[in-house]
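Q: Below: one structure in structure tokens.
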Amino acid sequence: MKGMLSPSLMCADVLNLQSELETLDRLDVDYIHLDFMDNKFVPNITLDTSIVKACKTVLKHMRRDIHIMAYEPQQYFDRMEIGEGDVVSVHYEACDDLDGVIADIRARGASPYIAISPDTKPEVLCDYFDKIDGCVVMTVYPGFAGRPMVAGSFEKLKRTRQLIDESGRNVILEVDGNVSWDYCKKMRECGADVFVAGSSSIFQKGLKLDEAVARMKELVK
Ligand code: DX5
Ligand code: ZN
């Protein structure tokens, strides 16, 4: 599978979200990463459900890659208008009834992914590989942009890739957190398919978004 980008909207120019979205949509990027937080599972709030929903009216090519860092994520699905074409990541650590949440995402025509925080072992995913389309390995503690990569993250990515391959299922491996210019190539070598590009790479002062996206695509292809 080719390496794909999922630029993180919380790292974009928040006063110009529409033009940032339109630019990315024109650049042949596969996903737009939308971080939703409840200020409980993680101590922060970024994009709310109305922004996650409103993106639908702008996007022509990119799929929404909605990363829900919240307890009981199902309560937000209606307000986000989750449906066909969406990727929805829910945290393993945040769901009492993970099977029910996955089934709900599937029933809406969207692709269920499970995200795991740095302290969660990738082996927990094995029971779910036949039910999900992808998993997200967090390589920083979730909740904020610009955090440093947690030690052992490359090994964890490699191990997750190995577990997926052993399962024989076609599960996408996404990496989220400090996916920097320096680290992204190695993350690709560790087996990641989708790269959340945030403040560590394409959204940096002085960089032109089109040039940054092209450079990142080349590094993870
Ligand atoms: C972190 C978020 C990420 C974040 C990644 O909790 O899930 O999407 O924006 O961006 P950087 O590159 O700042 O780690
Ligand atoms: Zn995220």
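Residue names in the structure tokens use chain letters A, B, ... in the order shown, residue numbers from 1 in each chain, and ligand numbers from 1 in the order shown.
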Taking only segment 28-198 of chain A into account, list the residues labelled strand (DSSP E) by DSSP (computed from the backbone), as a ChimeraX atom specification.
A: /A:31-37,63-69,87-91,111-116,134-138,172-176,194-197
Q: Residues as selected, C-alpha atoms, written as a short mmCIF file (atom, residue, chain, number, x, y, z; two decimals), in the first residue's frame, can you do that?
A:
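The new file out_0.cif reads:
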```cif
data_model
loop_
_atom_site.label_atom_id
_atom_site.label_comp_id
_atom_site.auth_asym_id
_atom_site.auth_seq_id
_atom_site.Cartn_x
_atom_site.Cartn_y
_atom_site.Cartn_z
CA TYR A 31 -7.43 12.23 4.39
CA ILE A 32 -8.00 15.23 6.66
CA HIS A 33 -7.32 14.40 10.31
CA LEU A 34 -9.90 15.91 12.65
CA ASP A 35 -9.08 15.77 16.37
CA PHE A 36 -12.07 15.84 18.68
CA MET A 37 -11.49 15.97 22.46
CA ARG A 63 -11.96 11.67 3.44
CA ARG A 64 -12.60 12.77 7.01
CA ASP A 65 -10.26 10.94 9.39
CA ILE A 66 -11.99 11.67 12.68
CA HIS A 67 -9.91 10.94 15.77
CA ILE A 68 -12.16 10.94 18.81
CA MET A 69 -10.26 11.38 22.07
CA VAL A 87 -12.77 7.03 8.99
CA VAL A 88 -13.62 7.08 12.69
CA SER A 89 -10.97 6.28 15.31
CA VAL A 90 -12.07 5.62 18.86
CA HIS A 91 -9.69 4.99 21.72
CA SER A 111 -14.66 2.73 8.60
CA PRO A 112 -13.95 1.86 12.24
CA TYR A 113 -10.39 2.27 13.51
CA ILE A 114 -9.05 1.72 17.04
CA ALA A 115 -6.52 4.19 18.43
CA ILE A 116 -4.13 3.20 21.20
CA GLY A 134 -7.45 0.33 10.65
CA CYS A 135 -5.65 1.21 13.85
CA VAL A 136 -3.93 4.36 15.05
CA VAL A 137 -0.74 4.08 17.04
CA MET A 138 -0.25 7.26 19.06
CA ILE A 172 -4.37 0.03 7.83
CA LEU A 173 -1.70 1.24 10.24
CA GLU A 174 -1.88 4.98 10.96
CA VAL A 175 0.67 6.85 13.04
CA ASP A 176 -0.27 9.99 14.97
CA VAL A 194 -1.06 6.70 7.00
CA PHE A 195 0.83 9.64 8.49
CA VAL A 196 -0.81 12.38 10.55
CA ALA A 197 1.03 15.49 9.45
#
```
Q: Excluding Arg106 of chain A and its own-chain neighbours fewer than 4 positions away, which residues fall within 12 Å of it when counting only C-alpha atoms? Please give them as a ChimeraX atom specification.
A: /A:77,82-89,99-102,110-113,131-133
Q: Could the residues in this selection be saved with N, CA, C and O atoms as a CSV table (one decimal), in the first residue's frame?
A:
```
chain,number,residue,atom,x,y,z
A,77,PHE,N,-21.6,10.9,17.4
A,77,PHE,CA,-21.7,10.4,16.0
A,77,PHE,C,-22.8,11.2,15.2
A,77,PHE,O,-22.5,11.6,14.1
A,82,ILE,N,-21.7,11.3,11.0
A,82,ILE,CA,-20.8,10.3,10.5
A,82,ILE,C,-21.5,9.4,9.5
A,82,ILE,O,-22.7,9.0,9.7
A,83,GLY,N,-20.8,9.1,8.4
A,83,GLY,CA,-21.5,8.3,7.4
A,83,GLY,C,-20.4,7.8,6.4
A,83,GLY,O,-19.2,7.7,6.6
A,84,GLU,N,-21.0,7.4,5.2
A,84,GLU,CA,-20.2,6.8,4.2
A,84,GLU,C,-18.9,7.6,3.9
A,84,GLU,O,-18.9,8.8,3.8
A,85,GLY,N,-17.8,6.9,3.8
A,85,GLY,CA,-16.5,7.5,3.5
A,85,GLY,C,-15.7,8.0,4.6
A,85,GLY,O,-14.5,8.2,4.5
A,86,ASP,N,-16.3,8.1,5.8
A,86,ASP,CA,-15.5,8.6,7.0
A,86,ASP,C,-14.7,7.5,7.6
A,86,ASP,O,-15.1,6.3,7.6
A,87,VAL,N,-13.5,7.9,8.1
A,87,VAL,CA,-12.8,7.0,9.0
A,87,VAL,C,-13.0,7.5,10.4
A,87,VAL,O,-13.0,8.8,10.6
A,88,VAL,N,-13.4,6.6,11.3
A,88,VAL,CA,-13.6,7.1,12.7
A,88,VAL,C,-12.8,6.3,13.7
A,88,VAL,O,-12.9,5.0,13.8
A,89,SER,N,-11.8,6.9,14.3
A,89,SER,CA,-11.0,6.3,15.3
A,89,SER,C,-11.5,6.6,16.7
A,89,SER,O,-11.7,7.7,17.1
A,99,ASP,N,-16.9,-3.2,21.1
A,99,ASP,CA,-17.6,-4.0,20.0
A,99,ASP,C,-18.8,-3.2,19.5
A,99,ASP,O,-19.1,-3.1,18.3
A,100,GLY,N,-19.6,-2.7,20.5
A,100,GLY,CA,-20.8,-1.9,20.2
A,100,GLY,C,-20.5,-0.6,19.4
A,100,GLY,O,-21.2,-0.3,18.4
A,101,VAL,N,-19.4,0.0,19.8
A,101,VAL,CA,-19.0,1.3,19.1
A,101,VAL,C,-18.6,1.0,17.7
A,101,VAL,O,-19.0,1.7,16.7
A,102,ILE,N,-17.8,-0.1,17.5
A,102,ILE,CA,-17.3,-0.5,16.2
A,102,ILE,C,-18.5,-0.8,15.3
A,102,ILE,O,-18.6,-0.4,14.1
A,110,ALA,N,-19.3,3.9,7.8
A,110,ALA,CA,-18.0,4.5,8.0
A,110,ALA,C,-17.0,3.4,8.3
A,110,ALA,O,-17.4,2.2,8.5
A,111,SER,N,-15.7,3.7,8.3
A,111,SER,CA,-14.7,2.7,8.6
A,111,SER,C,-14.2,2.8,10.1
A,111,SER,O,-13.6,3.9,10.4
A,112,PRO,N,-14.4,1.8,10.8
A,112,PRO,CA,-14.0,1.9,12.2
A,112,PRO,C,-12.5,1.6,12.4
A,112,PRO,O,-11.9,0.6,11.8
A,113,TYR,N,-11.8,2.4,13.2
A,113,TYR,CA,-10.4,2.3,13.5
A,113,TYR,C,-10.3,2.3,15.0
A,113,TYR,O,-11.1,3.0,15.7
A,131,LYS,N,-12.6,-7.0,12.8
A,131,LYS,CA,-13.8,-6.1,12.9
A,131,LYS,C,-13.5,-4.7,12.4
A,131,LYS,O,-14.4,-3.8,12.2
A,132,ILE,N,-12.2,-4.3,12.4
A,132,ILE,CA,-11.8,-2.9,12.1
A,132,ILE,C,-11.1,-2.8,10.7
A,132,ILE,O,-10.6,-3.8,10.2
A,133,ASP,N,-11.1,-1.6,10.2
A,133,ASP,CA,-10.4,-1.3,8.9
A,133,ASP,C,-9.0,-0.7,9.2
A,133,ASP,O,-8.2,-0.7,8.2
```
Q: Mind running chain A against ligand 1 at 9 Å and telling me each contacting residue's nearest atom pair with the distance in Å (one decimal), counting only C-alpha atoms and all ligand atoms, chain and number ascending, as CSV?
A:
```
residue,atom,partner,partner_atom_place_in_ligand_line,distance
A:Ser6,CA,ligand 1,8 (O),8.9
A:Pro7,CA,ligand 1,8 (O),8.1
A:Ser8,CA,ligand 1,9 (O),5.2
A:Leu9,CA,ligand 1,9 (O),7.3
A:Met10,CA,ligand 1,9 (O),5.8
A:Cys11,CA,ligand 1,9 (O),5.7
A:His33,CA,ligand 1,8 (O),6.6
A:Leu34,CA,ligand 1,8 (O),7.3
A:Asp35,CA,ligand 1,7 (O),5.7
A:Phe36,CA,ligand 1,7 (O),8.5
A:Met37,CA,ligand 1,6 (O),8.8
A:Val42,CA,ligand 1,6 (O),8.5
A:His67,CA,ligand 1,7 (O),6.9
A:Ile68,CA,ligand 1,7 (O),8.7
A:Met69,CA,ligand 1,7 (O),8.0
A:Met138,CA,ligand 1,7 (O),7.5
A:Thr139,CA,ligand 1,14 (O),8.3
A:Val140,CA,ligand 1,14 (O),6.9
A:Tyr141,CA,ligand 1,6 (O),6.5
A:Pro142,CA,ligand 1,6 (O),3.5
A:Gly143,CA,ligand 1,6 (O),3.7
A:Phe144,CA,ligand 1,6 (O),4.6
A:Ala145,CA,ligand 1,13 (O),3.4
A:Gly146,CA,ligand 1,13 (O),3.6
A:Arg147,CA,ligand 1,14 (O),5.5
A:Pro148,CA,ligand 1,14 (O),7.4
A:Met149,CA,ligand 1,14 (O),8.0
A:Asp176,CA,ligand 1,3 (C),5.7
A:Gly177,CA,ligand 1,14 (O),3.8
A:Asn178,CA,ligand 1,14 (O),3.6
A:Val179,CA,ligand 1,12 (O),5.4
A:Ser180,CA,ligand 1,12 (O),6.4
A:Val196,CA,ligand 1,8 (O),6.1
A:Ala197,CA,ligand 1,12 (O),5.8
A:Gly198,CA,ligand 1,12 (O),3.6
A:Ser199,CA,ligand 1,13 (O),3.9
A:Ser200,CA,ligand 1,12 (O),3.8
A:Ser201,CA,ligand 1,12 (O),6.2
A:Ile202,CA,ligand 1,12 (O),8.4
A:Phe203,CA,ligand 1,12 (O),8.1
```
Q: Report as a PyMOL selection string all protein, DNA and RNA residues lying within 9 Å of Glu22 of chain A, evaluated on only C-alpha atoms, omitting residues in the same chain fewer than 5 positions from it.
A: chain A and resi 17+27+58-60
Q: Excluding Glu72 of chain A and residues on its chain fewer than 5 positions from it, collect all residues at most 10 Å away from it, counting only C-alpha atoms, and give them as a list in words.
A: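 These residues fall inside the cut-off: Asp38, Phe41, Val90, His91, Ala94, Cys95, Asp96, Asp97, Leu98 and Val101 of chain A.
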Q: Using the chain letters and numbers from this document, which residues of segment 10-188 of chain A does DSSP assign to alpha helix (DSSP H), as an MDAnalysis selection string?
A: chainID A and resid 17:26 49:58 77:80 98:107 153:167 184:188
Q: How many Å separate atom CA of Lys53 of chain A from atom CA of Met80 of chain A?
A: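 That distance, rounded to one decimal, is 4.6 Å.
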Q: Tell me which of A:Asn16, A:Asn170, A:Thr23, A:Thr46 sits closest to ligand 2, counting only C-alpha atoms and all ligand atoms.
A: A:Thr46
Q: At what distance in Å, to one decimal, does atom CA of Cys190 of chain A lie from atom CA of Arg161 of chain A?
A: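 These two atoms are separated by 7.4 Å.
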Q: Enter the distance from atom CA of Glu189 of chain A to atom CA of Leu209 of chain A, in Å, rounded to one decimal.
A: 24.6 Å
